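Coordinates as given in protein.pdb (PDB, C-alpha atoms):
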ATOM      1  CA  MET L   1     103.387  66.333  97.921
ATOM      2  CA  LYS L   2     105.436  69.526  98.152
ATOM      3  CA  SER L   3     106.552  70.697 101.594
ATOM      4  CA  VAL L   4     106.076  74.342 102.584
ATOM      5  CA  VAL L   5     107.174  76.099 105.760
ATOM      6  CA  VAL L   6     105.165  79.130 106.864
ATOM      7  CA  LEU L   7     107.803  81.116 108.697
ATOM      8  CA  ASP L   8     106.695  82.038 112.218
ATOM      9  CA  TYR L   9     108.541  85.160 113.294
ATOM     10  CA  GLY L  10     105.700  86.739 115.241
ATOM     11  CA  SER L  11     103.861  88.380 112.355
ATOM     12  CA  GLY L  12     101.205  87.303 109.911
ATOM     13  CA  ASN L  13      98.103  85.238 109.444
ATOM     14  CA  LEU L  14      99.896  81.992 110.104
ATOM     15  CA  ARG L  15      96.952  79.619 110.406
ATOM     16  CA  SER L  16      94.998  81.107 107.507
ATOM     17  CA  ALA L  17      98.141  80.809 105.367
ATOM     18  CA  GLN L  18      98.563  77.220 106.504
ATOM     19  CA  ARG L  19      94.968  76.349 105.639
ATOM     20  CA  ALA L  20      95.160  78.050 102.259
ATOM     21  CA  LEU L  21      98.333  76.192 101.319
ATOM     22  CA  GLU L  22      96.952  72.875 102.539
ATOM     23  CA  ARG L  23      93.855  73.528 100.439
ATOM     24  CA  VAL L  24      96.011  73.505  97.299
ATOM     25  CA  GLY L  25      97.779  70.289  98.248
ATOM     26  CA  ALA L  26     100.942  71.322 100.094
ATOM     27  CA  ALA L  27     102.260  69.653 103.237
ATOM     28  CA  VAL L  28     102.566  72.664 105.549
ATOM     29  CA  GLU L  29     104.504  73.286 108.754
ATOM     30  CA  VAL L  30     104.257  76.548 110.711
ATOM     31  CA  THR L  31     107.565  77.013 112.493
ATOM     32  CA  SER L  32     110.383  79.384 113.399
ATOM     33  CA  ASP L  33     112.910  76.574 112.997
ATOM     34  CA  LEU L  34     115.454  77.696 110.393
ATOM     35  CA  GLY L  35     116.537  74.157 109.604
ATOM     36  CA  ALA L  36     112.991  73.296 108.562
ATOM     37  CA  ALA L  37     112.711  76.592 106.683
ATOM     38  CA  ALA L  38     115.897  75.808 104.782
ATOM     39  CA  ALA L  39     114.893  72.225 103.969
ATOM     40  CA  ALA L  40     111.304  72.756 102.765
ATOM     41  CA  ASP L  41     110.481  72.809  99.060
ATOM     42  CA  GLY L  42     108.967  76.275  99.521
ATOM     43  CA  LEU L  43     109.224  79.016 102.163
ATOM     44  CA  PHE L  44     106.192  81.260 102.750
ATOM     45  CA  VAL L  45     106.989  84.561 104.490
ATOM     46  CA  PRO L  46     103.857  86.259 105.890
ATOM     47  CA  GLY L  47     103.684  89.726 107.380
ATOM     48  CA  VAL L  48     101.172  92.181 108.790
ATOM     49  CA  GLY L  49     101.586  95.508 110.554
ATOM     50  CA  ALA L  50     104.612  97.764 110.426
ATOM     51  CA  PHE L  51     107.748  97.221 108.335
ATOM     52  CA  GLU L  52     110.150  97.837 111.227
ATOM     53  CA  ALA L  53     108.271  95.540 113.612
ATOM     54  CA  CYS L  54     108.318  92.744 111.030
ATOM     55  CA  MET L  55     112.044  93.190 110.413
ATOM     56  CA  THR L  56     112.701  93.129 114.169
ATOM     57  CA  GLY L  57     110.815  89.850 114.470
ATOM     58  CA  LEU L  58     112.499  88.392 111.403
ATOM     59  CA  ARG L  59     115.982  89.291 112.613
ATOM     60  CA  GLY L  60     115.110  87.875 116.015
ATOM     61  CA  ILE L  61     115.019  84.374 114.556
ATOM     62  CA  GLY L  62     117.627  84.913 111.807
ATOM     63  CA  GLY L  63     114.933  84.716 109.158
ATOM     64  CA  GLU L  64     116.596  87.195 106.798
ATOM     65  CA  ARG L  65     119.577  84.825 106.532
ATOM     66  CA  VAL L  66     117.510  81.793 105.574
ATOM     67  CA  ILE L  67     115.677  83.866 102.946
ATOM     68  CA  ALA L  68     119.007  85.033 101.492
ATOM     69  CA  GLU L  69     120.474  81.518 101.543
ATOM     70  CA  ARG L  70     117.430  80.017  99.825
ATOM     71  CA  VAL L  71     117.396  82.675  97.115
ATOM     72  CA  ALA L  72     121.134  82.285  96.519
ATOM     73  CA  ALA L  73     120.623  78.536  96.133
ATOM     74  CA  GLY L  74     117.682  78.999  93.743
ATOM     75  CA  ARG L  75     115.138  77.641  96.220
ATOM     76  CA  PRO L  76     111.624  79.165  96.177
ATOM     77  CA  VAL L  77     110.463  81.850  98.615
ATOM     78  CA  LEU L  78     107.074  83.618  98.566
ATOM     79  CA  GLY L  79     106.560  86.812 100.574
ATOM     80  CA  VAL L  80     103.051  88.154 101.216
ATOM     81  CA  CYS L  81     101.884  91.665 102.200
ATOM     82  CA  VAL L  82     104.498  93.065 104.601
ATOM     83  CA  GLY L  83     106.339  89.809 103.889
ATOM     84  CA  MET L  84     106.740  91.238 100.369
ATOM     85  CA  GLN L  85     107.677  94.714 101.547
ATOM     86  CA  ILE L  86     110.537  93.578 103.790
ATOM     87  CA  LEU L  87     112.244  91.943 100.796
ATOM     88  CA  PHE L  88     113.142  95.445  99.593
ATOM     89  CA  ALA L  89     116.146  97.396 100.835
ATOM     90  CA  ARG L  90     114.224 100.038 102.788
ATOM     91  CA  GLY L  91     110.879 100.881 104.268
ATOM     92  CA  VAL L  92     109.817 104.425 105.091
ATOM     93  CA  GLU L  93     106.981 104.748 107.626
ATOM     94  CA  PHE L  94     106.038 107.866 109.594
ATOM     95  CA  GLY L  95     109.233 109.550 108.390
ATOM     96  CA  VAL L  96     111.402 106.760 109.779
ATOM     97  CA  GLU L  97     113.539 104.731 107.391
ATOM     98  CA  SER L  98     114.035 101.064 108.250
ATOM     99  CA  VAL L  99     116.446  98.563 106.711
ATOM    100  CA  GLY L 100     114.855  95.582 104.985
ATOM    101  CA  CYS L 101     116.227  92.263 103.755
ATOM    102  CA  GLY L 102     117.720  93.905 100.680
ATOM    103  CA  GLN L 103     116.847  91.153  98.235
ATOM    104  CA  TRP L 104     115.580  93.914  95.944
ATOM    105  CA  PRO L 105     116.801  97.517  95.801
ATOM    106  CA  GLY L 106     114.447 100.397  96.425
ATOM    107  CA  ALA L 107     112.045 101.563  99.081
ATOM    108  CA  VAL L 108     108.527 100.820 100.264
ATOM    109  CA  THR L 109     106.682 104.105 100.803
ATOM    110  CA  ARG L 110     103.219 105.398 101.683
ATOM    111  CA  LEU L 111     100.608 105.384  98.960
ATOM    112  CA  ASP L 112      99.671 108.907  97.928
ATOM    113  CA  ALA L 113      95.918 108.377  97.933
ATOM    114  CA  PRO L 114      92.992 110.144  99.608
ATOM    115  CA  VAL L 115      91.762 106.938 101.235
ATOM    116  CA  ILE L 116      94.328 104.977 103.251
ATOM    117  CA  PRO L 117      94.625 102.098 103.835
ATOM    118  CA  HIS L 118      93.892 100.575 100.470
ATOM    119  CA  MET L 119      91.506  97.905 101.683
ATOM    120  CA  GLY L 120      89.339  95.571  99.659
ATOM    121  CA  TRP L 121      89.237  93.837  96.308
ATOM    122  CA  ASN L 122      91.187  95.059  93.309
ATOM    123  CA  VAL L 123      92.242  93.837  89.880
ATOM    124  CA  VAL L 124      95.874  93.543  88.849
ATOM    125  CA  GLU L 125      97.731  93.886  85.571
ATOM    126  CA  ALA L 126      99.578  90.585  85.462
ATOM    127  CA  ALA L 127     103.004  90.413  83.864
ATOM    128  CA  PRO L 128     103.310  88.695  80.481
ATOM    129  CA  GLY L 129     104.673  85.210  81.007
ATOM    130  CA  THR L 130     103.580  85.118  84.647
ATOM    131  CA  ALA L 131     103.542  81.802  86.479
ATOM    132  CA  LEU L 132     101.677  83.024  89.574
ATOM    133  CA  PHE L 133      98.653  84.304  87.647
ATOM    134  CA  LYS L 134      98.554  81.527  85.057
ATOM    135  CA  GLY L 135      94.990  80.674  84.047
ATOM    136  CA  LEU L 136      93.418  83.735  85.679
ATOM    137  CA  SER L 137      91.447  86.322  83.713
ATOM    138  CA  ALA L 138      92.270  90.033  83.664
ATOM    139  CA  ASP L 139      89.178  90.885  85.733
ATOM    140  CA  THR L 140      90.146  88.583  88.632
ATOM    141  CA  ARG L 141      90.155  90.460  91.937
ATOM    142  CA  PHE L 142      92.431  89.998  94.940
ATOM    143  CA  TYR L 143      92.145  91.185  98.542
ATOM    144  CA  PHE L 144      94.447  94.020  99.617
ATOM    145  CA  VAL L 145      94.887  95.783 102.950
ATOM    146  CA  HIS L 146      97.894  98.109 103.108
ATOM    147  CA  SER L 147      98.984 101.738 103.302
ATOM    148  CA  TYR L 148     102.495 101.250 101.942
ATOM    149  CA  ALA L 149     103.878  99.600  98.822
ATOM    150  CA  ALA L 150     106.795  99.470  96.428
ATOM    151  CA  GLN L 151     105.874 102.009  93.772
ATOM    152  CA  ARG L 152     108.990 101.724  91.587
ATOM    153  CA  TRP L 153     111.047  98.768  90.415
ATOM    154  CA  GLU L 154     114.791  99.217  90.665
ATOM    155  CA  GLY L 155     115.732  95.551  90.431
ATOM    156  CA  GLY L 156     116.838  93.402  87.524
ATOM    157  CA  PRO L 157     115.319  93.531  84.038
ATOM    158  CA  ASP L 158     114.262  89.881  84.011
ATOM    159  CA  ALA L 159     111.769  90.113  86.890
ATOM    160  CA  LEU L 160     108.089  89.742  86.026
ATOM    161  CA  LEU L 161     106.195  92.700  87.480
ATOM    162  CA  THR L 162     102.460  92.743  88.198
ATOM    163  CA  TRP L 163     100.939  96.141  88.952
ATOM    164  CA  ALA L 164      97.771  97.413  90.601
ATOM    165  CA  THR L 165      96.446 100.929  91.138
ATOM    166  CA  HIS L 166      95.023 102.711  94.159
ATOM    167  CA  GLN L 167      95.140 106.311  92.999
ATOM    168  CA  VAL L 168      98.776 105.588  92.104
ATOM    169  CA  PRO L 169     100.380 102.471  90.549
ATOM    170  CA  PHE L 170     102.160 100.045  92.866
ATOM    171  CA  LEU L 171     103.684  96.600  92.617
ATOM    172  CA  ALA L 172     101.059  93.961  93.332
ATOM    173  CA  ALA L 173     103.425  91.053  92.703
ATOM    174  CA  VAL L 174     106.988  90.298  91.668
ATOM    175  CA  GLU L 175     108.355  87.067  90.206
ATOM    176  CA  ASP L 176     112.139  87.131  90.186
ATOM    177  CA  GLY L 177     113.678  83.702  89.778
ATOM    178  CA  PRO L 178     113.164  81.731  93.012
ATOM    179  CA  LEU L 179     111.901  84.833  94.854
ATOM    180  CA  ALA L 180     108.257  85.808  94.438
ATOM    181  CA  ALA L 181     105.947  88.070  96.388
ATOM    182  CA  THR L 182     102.428  89.488  96.433
ATOM    183  CA  GLN L 183     101.206  92.689  98.071
ATOM    184  CA  PHE L 184      97.679  91.235  98.285
ATOM    185  CA  HIS L 185      96.743  88.394 100.615
ATOM    186  CA  PRO L 186      96.267  85.210  98.559
ATOM    187  CA  GLU L 187      95.086  83.422 101.713
ATOM    188  CA  LYS L 188      92.212  85.938 101.974
ATOM    189  CA  SER L 189      91.440  86.112  98.257
ATOM    190  CA  GLY L 190      89.164  83.089  97.905
ATOM    191  CA  ASP L 191      89.405  81.014  94.734
ATOM    192  CA  ALA L 192      91.611  83.621  93.027
ATOM    193  CA  GLY L 193      94.161  83.477  95.822
ATOM    194  CA  ALA L 194      93.982  79.691  95.877
ATOM    195  CA  ALA L 195      94.839  79.665  92.166
ATOM    196  CA  VAL L 196      97.908  81.842  92.797
ATOM    197  CA  LEU L 197      99.061  79.598  95.657
ATOM    198  CA  SER L 198      98.380  76.497  93.584
ATOM    199  CA  ASN L 199     100.484  77.900  90.741
ATOM    200  CA  TRP L 200     103.306  78.643  93.184
ATOM    201  CA  VAL L 201     103.180  75.203  94.829
ATOM    202  CA  GLU L 202     103.055  73.573  91.387
ATOM    203  CA  GLY L 203     106.358  75.286  90.540
ATOM    204  CA  LEU L 204     108.207  74.096  93.667
TER     205      LEU L 204
END
Rewrite the coordinates I just gave you, this time as structure tokens.
Amino acid sequence: MKSVVVLDYGSGNLRSAQRALERVGAAVEVTSDLGAAAAADGLFVPGVGAFEACMTGLRGIGGERVIAERVAAGRPVLGVCVGMQILFARGVEFGVESVGCGQWPGAVTRLDAPVIPHMGWNVVEAAPGTALFKGLSADTRFYFVHSYAAQRWEGGPDALLTWATHQVPFLAAVEDGPLAATQFHPEKSGDAGAAVLSNWVEGL
């Protein structure tokens, strides 16, 4: 059984993430302990709310360091929702620019759409060769709730990019070596989200 730590830094749906990961067969611990986060087979980084608030909480426990160390060592990390956004270099909210983890270059910015937040079920255009979306059909829907997203990719050419559209295209998921992320909430996406989590756990 693969071990997964859900990183508790004061943000995110910790218990729903724990239940969703346990549902697909992982042994899950919810903790802020960086030793446990470093040792687990997989690290799940949740996040809800504002970019800057999440980064403040993450830095408060040294979480950005354990993410960087795991990625450098080729050990899997999955960021979800704002937990995806903070992996980028910058976040711009309400005209204020915040510094992210910097695992990927580029900025997370507000969606230019008449209805914000983007909330509800949406399809994605999965990347060819994807591991996260393996076995899922093109009409599979996932649950989103966000006003901001990465809308350009400035990272390496080998990353697998999955896109979605809410008036404008945005990154719905990235698979980049050991580092993966989804803008949607797999833990709130029913069987579709369970399949994504199962595919991730299977690859640990």
Non-local contacts of L:Thr165 (12 Å; all atoms listed in the file; under 2 positions in same chain excluded) as a ChimeraX atom specification: /L:111-113,118,121-125,144,149-151,162-163,167-172,183
Any idea what's packed within 12 Å of L:Glu64, counting all atoms listed in the file, ignoring anything in its chain fewer than 4 positions away? Could you give it as a PDB file with C-alpha atoms, keeping the file's coordinate frame?
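Dumped everything to out06.pdb:
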ATOM      1  CA  LEU L   7     107.803  81.116 108.697  1.00  0.00           C
ATOM      2  CA  TYR L   9     108.541  85.160 113.294  1.00  0.00           C
ATOM      3  CA  SER L  32     110.383  79.384 113.399  1.00  0.00           C
ATOM      4  CA  LEU L  34     115.454  77.696 110.393  1.00  0.00           C
ATOM      5  CA  ALA L  37     112.711  76.592 106.683  1.00  0.00           C
ATOM      6  CA  ALA L  38     115.897  75.808 104.782  1.00  0.00           C
ATOM      7  CA  LEU L  43     109.224  79.016 102.163  1.00  0.00           C
ATOM      8  CA  VAL L  45     106.989  84.561 104.490  1.00  0.00           C
ATOM      9  CA  CYS L  54     108.318  92.744 111.030  1.00  0.00           C
ATOM     10  CA  MET L  55     112.044  93.190 110.413  1.00  0.00           C
ATOM     11  CA  THR L  56     112.701  93.129 114.169  1.00  0.00           C
ATOM     12  CA  GLY L  57     110.815  89.850 114.470  1.00  0.00           C
ATOM     13  CA  LEU L  58     112.499  88.392 111.403  1.00  0.00           C
ATOM     14  CA  ARG L  59     115.982  89.291 112.613  1.00  0.00           C
ATOM     15  CA  GLY L  60     115.110  87.875 116.015  1.00  0.00           C
ATOM     16  CA  ALA L  68     119.007  85.033 101.492  1.00  0.00           C
ATOM     17  CA  GLU L  69     120.474  81.518 101.543  1.00  0.00           C
ATOM     18  CA  ARG L  70     117.430  80.017  99.825  1.00  0.00           C
ATOM     19  CA  VAL L  71     117.396  82.675  97.115  1.00  0.00           C
ATOM     20  CA  VAL L  77     110.463  81.850  98.615  1.00  0.00           C
ATOM     21  CA  GLY L  79     106.560  86.812 100.574  1.00  0.00           C
ATOM     22  CA  GLY L  83     106.339  89.809 103.889  1.00  0.00           C
ATOM     23  CA  ILE L  86     110.537  93.578 103.790  1.00  0.00           C
ATOM     24  CA  LEU L  87     112.244  91.943 100.796  1.00  0.00           C
ATOM     25  CA  PHE L  88     113.142  95.445  99.593  1.00  0.00           C
ATOM     26  CA  ALA L  89     116.146  97.396 100.835  1.00  0.00           C
ATOM     27  CA  VAL L  99     116.446  98.563 106.711  1.00  0.00           C
ATOM     28  CA  GLY L 100     114.855  95.582 104.985  1.00  0.00           C
ATOM     29  CA  CYS L 101     116.227  92.263 103.755  1.00  0.00           C
ATOM     30  CA  GLY L 102     117.720  93.905 100.680  1.00  0.00           C
ATOM     31  CA  GLN L 103     116.847  91.153  98.235  1.00  0.00           C
TER      32      GLN L 103
END
Which residues are close to stretch 192-201 of chain L, i.e. within 9 Å by only C-alpha atoms, leaving aside same-chain residues fewer than 6 positions away? Reply as JSON, numbers by chain. {"L": [2, 3, 4, 20, 21, 23, 24, 25, 26, 41, 42, 76, 78, 131, 132, 133, 134, 135, 136, 140, 141, 142, 143, 180, 184, 185, 186]}
Save out the residues we just selected, C-alpha atoms, as an mmCIF file, in the frame of the given file.
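The file below, result_22.cif, is the result:
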data_model
loop_
_atom_site.group_PDB
_atom_site.id
_atom_site.type_symbol
_atom_site.label_atom_id
_atom_site.label_comp_id
_atom_site.auth_asym_id
_atom_site.auth_seq_id
_atom_site.Cartn_x
_atom_site.Cartn_y
_atom_site.Cartn_z
ATOM 1 C CA LYS L 2 105.436 69.526 98.152
ATOM 2 C CA SER L 3 106.552 70.697 101.594
ATOM 3 C CA VAL L 4 106.076 74.342 102.584
ATOM 4 C CA ALA L 20 95.160 78.050 102.259
ATOM 5 C CA LEU L 21 98.333 76.192 101.319
ATOM 6 C CA ARG L 23 93.855 73.528 100.439
ATOM 7 C CA VAL L 24 96.011 73.505 97.299
ATOM 8 C CA GLY L 25 97.779 70.289 98.248
ATOM 9 C CA ALA L 26 100.942 71.322 100.094
ATOM 10 C CA ASP L 41 110.481 72.809 99.060
ATOM 11 C CA GLY L 42 108.967 76.275 99.521
ATOM 12 C CA PRO L 76 111.624 79.165 96.177
ATOM 13 C CA LEU L 78 107.074 83.618 98.566
ATOM 14 C CA ALA L 131 103.542 81.802 86.479
ATOM 15 C CA LEU L 132 101.677 83.024 89.574
ATOM 16 C CA PHE L 133 98.653 84.304 87.647
ATOM 17 C CA LYS L 134 98.554 81.527 85.057
ATOM 18 C CA GLY L 135 94.990 80.674 84.047
ATOM 19 C CA LEU L 136 93.418 83.735 85.679
ATOM 20 C CA THR L 140 90.146 88.583 88.632
ATOM 21 C CA ARG L 141 90.155 90.460 91.937
ATOM 22 C CA PHE L 142 92.431 89.998 94.940
ATOM 23 C CA TYR L 143 92.145 91.185 98.542
ATOM 24 C CA ALA L 180 108.257 85.808 94.438
ATOM 25 C CA PHE L 184 97.679 91.235 98.285
ATOM 26 C CA HIS L 185 96.743 88.394 100.615
ATOM 27 C CA PRO L 186 96.267 85.210 98.559
#
Would you mind telling me which residue in L:Met1, L:Val96, L:Val66, L:Ala39 lies nearest to L:Glu22 when using all atoms listed in the file?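 Answer, going by the shortest atom-to-atom distance: L:Met1.
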Do you know which residues are at most 8 Å from L:Glu175 counting only C-alpha atoms, after dropping those on the same chain fewer than 5 positions away, and could you put them as number ranges by chain? L: 130, 132, 159-161, 180-181
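Counting only C-alpha atoms and comparing L:Ala127, L:Val48, L:Ala17, L:Ala36, the residue that lies closest to L:Lys188 is L:Ala17.
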Can you pull out the residues contacting L:Phe94? Cut-off 12 Å, using only C-alpha atoms, and skip same-chain residues under 6 positions away; I want them as a list in words. Ala50, Phe51, Glu52, Val108, Thr109, Arg110, Ser147 and Tyr148 of chain L
Output for the residues just chosen: C-alpha atoms as a CSV table (one decimal), keeping the file's coordinate frame:
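The new file again-v4.csv reads:
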chain,number,residue,atom,x,y,z
L,50,ALA,CA,104.6,97.8,110.4
L,51,PHE,CA,107.7,97.2,108.3
L,52,GLU,CA,110.2,97.8,111.2
L,108,VAL,CA,108.5,100.8,100.3
L,109,THR,CA,106.7,104.1,100.8
L,110,ARG,CA,103.2,105.4,101.7
L,147,SER,CA,99.0,101.7,103.3
L,148,TYR,CA,102.5,101.2,101.9
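In this model, the gap between atom CA of L:Gly63 and atom CA of L:Asp8 comes to 9.2 Å.
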Gap from atom CA of L:Ala107 to atom CA of L:Cys81 - Å, one decimal: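 Computed distance, atom CA of L:Ala107 to atom CA of L:Cys81, equals 14.5 Å.
With all atoms listed in the file as the basis for measurement, L:Arg19 is the residue among L:His146, L:Arg90, L:His166, L:Arg19 that approaches L:Gly190 most closely.
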Between atom CA of L:Asp33 and atom CA of L:Leu14, distance in Å (one decimal):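 Pair atom CA of L:Asp33 / atom CA of L:Leu14 returns 14.4 Å.
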Top pick for closest residue to L:Ala53, considering L:Asp139, L:Glu29, L:Asp158, L:Glu93 and counting only C-alpha atoms: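 Comparing L:Asp139, L:Glu29, L:Asp158, L:Glu93 against L:Ala53, the winner is L:Glu93.
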From L:Ser98, L:Gly10, L:Trp104, L:Val5, residue lying nearest L:Thr31 [all atoms listed in the file]: L:Val5
May I ask you to restore N, CA and C atoms in stretch 98-109 of chain L and write the result as a PDB file, in the coordinates of the input?
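Just written: out.pdb:
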ATOM      1  N   SER L  98     113.602 102.332 107.664  1.00  0.00           N
ATOM      2  CA  SER L  98     114.035 101.064 108.250  1.00  0.00           C
ATOM      3  C   SER L  98     114.748 100.229 107.185  1.00  0.00           C
ATOM      4  N   VAL L  99     115.693  99.422 107.622  1.00  0.00           N
ATOM      5  CA  VAL L  99     116.446  98.563 106.711  1.00  0.00           C
ATOM      6  C   VAL L  99     115.711  97.235 106.540  1.00  0.00           C
ATOM      7  N   GLY L 100     115.510  96.849 105.284  1.00  0.00           N
ATOM      8  CA  GLY L 100     114.855  95.582 104.985  1.00  0.00           C
ATOM      9  C   GLY L 100     115.858  94.478 104.687  1.00  0.00           C
ATOM     10  N   CYS L 101     115.362  93.406 104.073  1.00  0.00           N
ATOM     11  CA  CYS L 101     116.227  92.263 103.755  1.00  0.00           C
ATOM     12  C   CYS L 101     117.195  92.570 102.617  1.00  0.00           C
ATOM     13  N   GLY L 102     116.820  93.512 101.752  1.00  0.00           N
ATOM     14  CA  GLY L 102     117.720  93.905 100.680  1.00  0.00           C
ATOM     15  C   GLY L 102     117.815  92.923  99.531  1.00  0.00           C
ATOM     16  N   GLN L 103     116.852  92.036  99.398  1.00  0.00           N
ATOM     17  CA  GLN L 103     116.847  91.153  98.235  1.00  0.00           C
ATOM     18  C   GLN L 103     116.599  91.951  96.948  1.00  0.00           C
ATOM     19  N   TRP L 104     115.820  93.013  97.071  1.00  0.00           N
ATOM     20  CA  TRP L 104     115.580  93.914  95.944  1.00  0.00           C
ATOM     21  C   TRP L 104     115.945  95.323  96.360  1.00  0.00           C
ATOM     22  N   PRO L 105     116.525  96.118  95.472  1.00  0.00           N
ATOM     23  CA  PRO L 105     116.801  97.517  95.801  1.00  0.00           C
ATOM     24  C   PRO L 105     115.510  98.323  95.851  1.00  0.00           C
ATOM     25  N   GLY L 106     115.610  99.514  96.421  1.00  0.00           N
ATOM     26  CA  GLY L 106     114.447 100.397  96.425  1.00  0.00           C
ATOM     27  C   GLY L 106     113.742 100.426  97.760  1.00  0.00           C
ATOM     28  N   ALA L 107     112.737 101.293  97.824  1.00  0.00           N
ATOM     29  CA  ALA L 107     112.045 101.563  99.081  1.00  0.00           C
ATOM     30  C   ALA L 107     110.553 101.293  98.975  1.00  0.00           C
ATOM     31  N   VAL L 108     109.979 100.935 100.100  1.00  0.00           N
ATOM     32  CA  VAL L 108     108.527 100.820 100.264  1.00  0.00           C
ATOM     33  C   VAL L 108     108.060 102.107 100.937  1.00  0.00           C
ATOM     34  N   THR L 109     107.120 102.798 100.312  1.00  0.00           N
ATOM     35  CA  THR L 109     106.682 104.105 100.803  1.00  0.00           C
ATOM     36  C   THR L 109     105.164 104.181 100.857  1.00  0.00           C
TER      37      THR L 109
END
